[in-house]
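Trainee: Mind looking over this structure? Questions follow.
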Amino acid sequence: MKRYIKKGAEGSVRRQAEASVEATVRDMIAAIEARGDQAVRDYSLQLDHWNPEAFRLSQSQIEASMQSLDEQTLEDIAFAQEQVRRFAQAQKDCLLDLEIETLPGVTLGHKNIPVNRVGCYVPAGRYPMVASAHMSVVTARVAGVKQIIACTPPTRGAVHPATVAAMYLGGADAIYALGGVQAMAAMAVGTEEIPAVDMIVGPGNAYVAEAKRQLFGRVGIDLLAGPTEILVLADASVDAELVATDLLGQAEHGPSSPAILVTTSEALAGATLEEVHRQLQTLPTADIAGKAWADYGEIILVDSEEEMLETAEDIAAEHVEVLTENPRRFLNDLTNYGSLFLGPTTNVSYGDKVIGTNHTLPTKQGARYTGGLWVGKFIKTVTYQECTPEASALIGEYCSRLCAVEHFSGHQAQADIRVRRYGGEQKAEG
């Protein structure tokens, strides 16, 4: 039976903290639809104090950002992007076109076609999210997307140069210094300055997530992502310092980021609680991580590895670190997670920044029904059909009868005309 050593805020408190922003976002999207660039500029000035001559960065501005970075930073960005690119390419290689003759003369198939135009959102806000550029821009480019535009918010009157470099090196065709709902809506709706895209991707705050939700259908999206989450599954084989470090490493994302430990070791549970408190005394981001831990941190003690697995399935966390003697047991048996980190030698930070898997992942139990952003999200698998005259007559007979069962007379007529034309030819030739 599981027991809470530390529990997070009650559901009512969480719901209050996650108060709906639906009306605000709806009004902003409507204004941008009606007034285009002027509404975008008004919101940018109001929310980001940003009113440049043009939102799109010029080549000289991009080059200035690149030149402001030291060589090591540029090399590190290139290294991270190569890891993302290599894994995305391997994933794409698994997506094969198909053509099969299911009956004599009946050819069915599918083709994998990249989305034509994609808008990638790279958040800034509290931190410059440089790695988000790798995850969206690089992956879209590997997928074969024809046109990629990228938006990132200005912070204190400037765009972070490393983010600009990452978007440029990743393959963005155009980069815009624009953030929030106004960026998402502009890319989806299209304005005079910002071209409309077919799909918008990337993480963001609650307003960005709500904008994606409201714009879905008009454009495609990757997924709806909330505050980042970490679940650590641990037994007595791991120490509290490592567990606490990994919990707080994700809690620093924001004050509502869940950080949960599920363990079979009561000693580890108590030691982790003490270690978290100790590390918060010196952690530079303790103001954020401490708030997240106070309100959303949990330590759950369970009796067995089986109960640990059941609890993890119920939580369906975005990131799951497995710090147990046999971590691959969870790779084999766990089904609800965004990304899995096996053993103490890897961690969520590797996945977030550099190792090559994509860090845009499902939250709020979305892992029960979807995976995260990957090269396949940018590719449409579309089908086609082709029949010989003889096969058309055969399929038509079945189709006609099945249409009659459903009382679809127009559909039935499509089948019947082919039965008459091609069935008659077949009989005449015979």
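Ligands are numbered from 1 in the order shown, residues from 1 within each chain, and chains are lettered A, B, ... in the order they appear in the structure tokens.
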Compile the contact shell of A:Glu33 as a PyMOL selection string: residues with an atom at most 12 Å away, counting only C-alpha atoms, same-chain residues fewer than 2 positions apart removed.

Mentor: chain A and resi 26-31+35-40+182+184-192+196+215

Trainee: Give me every strand (DSSP E or B) residue in stretch 125-307 of chain A, going by DSSP on the backbone, as JSON, numbers by chain.

Mentor: {"A": [147, 148, 149, 150, 151, 152, 155, 158, 174, 175, 176, 177, 199, 200, 201, 216, 219, 220, 221, 230, 231, 232, 233, 234, 259, 260, 261, 262, 263, 297, 298, 299, 300, 301]}

Trainee: Could you write out that same residue set with N, CA and C atoms as a tab-separated table (two decimals), in the first residue's frame?

Mentor:
```tsv
chain	number	residue	atom	x	y	z
A	147	GLN	N	9.24	24.85	-45.66
A	147	GLN	CA	9.44	26.20	-45.12
A	147	GLN	C	9.28	26.16	-43.61
A	148	ILE	N	10.31	26.62	-42.90
A	148	ILE	CA	10.30	26.64	-41.44
A	148	ILE	C	10.51	28.07	-40.97
A	149	ILE	N	9.54	28.60	-40.23
A	149	ILE	CA	9.75	29.90	-39.60
A	149	ILE	C	9.82	29.67	-38.09
A	150	ALA	N	10.53	30.53	-37.39
A	150	ALA	CA	10.72	30.37	-35.96
A	150	ALA	C	10.48	31.69	-35.26
A	151	CYS	N	9.80	31.61	-34.12
A	151	CYS	CA	9.54	32.79	-33.30
A	151	CYS	C	10.09	32.57	-31.90
A	152	THR	N	10.67	33.61	-31.34
A	152	THR	CA	11.11	33.58	-29.95
A	152	THR	C	10.90	34.96	-29.35
A	155	THR	N	13.53	39.50	-24.63
A	155	THR	CA	13.61	39.64	-23.17
A	155	THR	C	14.44	40.88	-22.87
A	158	ALA	N	15.76	42.56	-26.10
A	158	ALA	CA	16.67	41.86	-27.01
A	158	ALA	C	16.31	40.39	-27.06
A	174	ALA	N	13.26	31.68	-41.65
A	174	ALA	CA	13.03	33.05	-41.18
A	174	ALA	C	12.88	33.01	-39.67
A	175	ILE	N	13.43	34.04	-39.00
A	175	ILE	CA	13.39	34.12	-37.55
A	175	ILE	C	12.73	35.43	-37.15
A	176	TYR	N	11.76	35.33	-36.25
A	176	TYR	CA	11.01	36.50	-35.81
A	176	TYR	C	11.19	36.70	-34.31
A	177	ALA	N	11.43	37.93	-33.91
A	177	ALA	CA	11.52	38.29	-32.50
A	177	ALA	C	10.11	38.64	-32.02
A	199	MET	N	1.30	24.18	-39.56
A	199	MET	CA	1.47	23.51	-38.28
A	199	MET	C	2.30	24.38	-37.36
A	200	ILE	N	1.93	24.44	-36.07
A	200	ILE	CA	2.72	25.17	-35.09
A	200	ILE	C	3.16	24.20	-34.00
A	201	VAL	N	4.42	24.32	-33.58
A	201	VAL	CA	4.97	23.40	-32.59
A	201	VAL	C	5.82	24.15	-31.59
A	216	PHE	N	-5.83	24.75	-32.90
A	216	PHE	CA	-5.80	23.40	-33.45
A	216	PHE	C	-7.04	23.15	-34.31
A	219	VAL	N	-4.80	24.88	-37.84
A	219	VAL	CA	-3.46	24.38	-38.14
A	219	VAL	C	-3.24	23.13	-37.30
A	220	GLY	N	-2.25	22.34	-37.67
A	220	GLY	CA	-1.87	21.21	-36.83
A	220	GLY	C	-0.99	21.68	-35.69
A	221	ILE	N	-0.91	20.88	-34.64
A	221	ILE	CA	-0.02	21.16	-33.52
A	221	ILE	C	0.74	19.88	-33.17
A	230	ILE	N	8.73	15.60	-13.53
A	230	ILE	CA	9.69	14.50	-13.37
A	230	ILE	C	9.15	13.52	-12.34
A	231	LEU	N	9.27	12.25	-12.67
A	231	LEU	CA	8.97	11.16	-11.74
A	231	LEU	C	10.23	10.32	-11.61
A	232	VAL	N	10.72	10.16	-10.39
A	232	VAL	CA	11.88	9.32	-10.12
A	232	VAL	C	11.40	8.04	-9.44
A	233	LEU	N	11.76	6.90	-10.04
A	233	LEU	CA	11.47	5.60	-9.44
A	233	LEU	C	12.78	5.07	-8.88
A	234	ALA	N	12.83	4.85	-7.58
A	234	ALA	CA	14.12	4.52	-6.96
A	234	ALA	C	13.96	3.47	-5.88
A	259	ALA	N	7.45	17.40	-9.16
A	259	ALA	CA	8.66	16.60	-8.98
A	259	ALA	C	8.31	15.52	-7.95
A	260	ILE	N	8.30	14.27	-8.40
A	260	ILE	CA	7.75	13.18	-7.58
A	260	ILE	C	8.77	12.05	-7.46
A	261	LEU	N	8.94	11.55	-6.25
A	261	LEU	CA	9.74	10.36	-6.00
A	261	LEU	C	8.81	9.25	-5.55
A	262	VAL	N	8.92	8.09	-6.21
A	262	VAL	CA	8.25	6.87	-5.75
A	262	VAL	C	9.34	5.87	-5.42
A	263	THR	N	9.33	5.39	-4.20
A	263	THR	CA	10.43	4.53	-3.75
A	263	THR	C	9.94	3.39	-2.87
A	297	GLY	N	5.83	19.04	-5.10
A	297	GLY	CA	6.74	17.94	-4.82
A	297	GLY	C	6.06	16.86	-4.00
A	298	GLU	N	6.35	15.60	-4.32
A	298	GLU	CA	5.76	14.49	-3.59
A	298	GLU	C	6.79	13.38	-3.40
A	299	ILE	N	6.69	12.69	-2.27
A	299	ILE	CA	7.45	11.47	-2.03
A	299	ILE	C	6.46	10.39	-1.63
A	300	ILE	N	6.45	9.32	-2.40
A	300	ILE	CA	5.48	8.24	-2.19
A	300	ILE	C	6.25	6.96	-1.88
A	301	LEU	N	5.94	6.35	-0.75
A	301	LEU	CA	6.57	5.10	-0.34
A	301	LEU	C	5.65	3.94	-0.71
```

Trainee: I need the residue nearest A:Ala90 from this list: A:Val106, A:Ala143, A:Leu342, A:Ala267. Use only C-alpha atoms for the distance.

Mentor: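 Selected residue with least distance to A:Ala90: A:Ala143.
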
Trainee: Rank nothing, just name the residue among A:Ala317, A:Ala391, A:Ala415, A:Val208 nearest to A:Ser257, using only C-alpha atoms.

Mentor: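 Under the stated criterion, the closest residue is A:Ala317.
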
Trainee: Just how far from atom CA of A:Asn358 is atom CA of A:Arg86, in Å to one decimal?

Mentor: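 Taking atom CA of A:Arg86 and atom CA of A:Asn358, their separation equals 11.6 Å.
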
Trainee: Can you list, as a ChimeraX atom specification, every residue of stretch 156-302 of chain A that DSSP puts in helix (DSSP H, G or I)?

Mentor: /A:161-170,180-189,206-215,240-251,266-280,286-296

Trainee: As an mmCIF file with C-alpha atoms, in the first residue's frame, please: the residues near A:Ser68 (cut-off 9 Å, only C-alpha atoms, same-chain neighbours under 3 positions excluded).

Mentor:
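Result file follows (part09.cif):
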```cif
data_model
loop_
_atom_site.group_PDB
_atom_site.id
_atom_site.type_symbol
_atom_site.label_atom_id
_atom_site.label_comp_id
_atom_site.auth_asym_id
_atom_site.auth_seq_id
_atom_site.Cartn_x
_atom_site.Cartn_y
_atom_site.Cartn_z
ATOM 1 C CA GLU A 63 25.151 37.326 -37.931
ATOM 2 C CA ALA A 64 25.611 39.799 -35.082
ATOM 3 C CA SER A 65 24.038 37.300 -32.690
ATOM 4 C CA PRO A 161 21.826 35.420 -29.229
ATOM 5 C CA ALA A 162 22.313 31.698 -28.497
#
```

Trainee: Closest to A:Ala286 among A:Val159, A:Ile315, A:Ala269, A:Leu248, using only C-alpha atoms?

Mentor: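 Looking only at the distances to A:Ala286, the closest residue turns out to be A:Leu248.
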
Trainee: Using Å and a single decimal, report how far atom CA of A:Leu361 sits from atom CA of A:Asn116.

Mentor: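 It comes out at 22.8 Å.
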
Trainee: From the options A:Glu406, A:Asp235, A:Glu241, A:Glu397, which residue's atoms come nearest to A:Val322, counting only C-alpha atoms?

Mentor: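 Of A:Glu406, A:Asp235, A:Glu241, A:Glu397, the one nearest A:Val322 is A:Asp235, counting only C-alpha atoms.
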
Trainee: Measuring between only C-alpha atoms, which one of A:Thr24, A:Pro258, A:Ala240, A:Arg218 shows the shortest distance to A:Arg278?

Mentor: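 That would be A:Ala240, the residue with the smallest distance to A:Arg278.
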
Trainee: A:Ala9, A:Val138, A:Asp239, A:Gly109: which is nearest A:Ser256, counting only C-alpha atoms?

Mentor: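 Closest to A:Ser256, using only C-alpha atoms: A:Ala9.
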
Trainee: Can you tell me which residues surround A:Leu169 at a distance of at most 10 Å, considering only C-alpha atoms, apart from same-chain residues fewer than 5 positions away, and format the answer as a count of residues only?

Mentor: 11
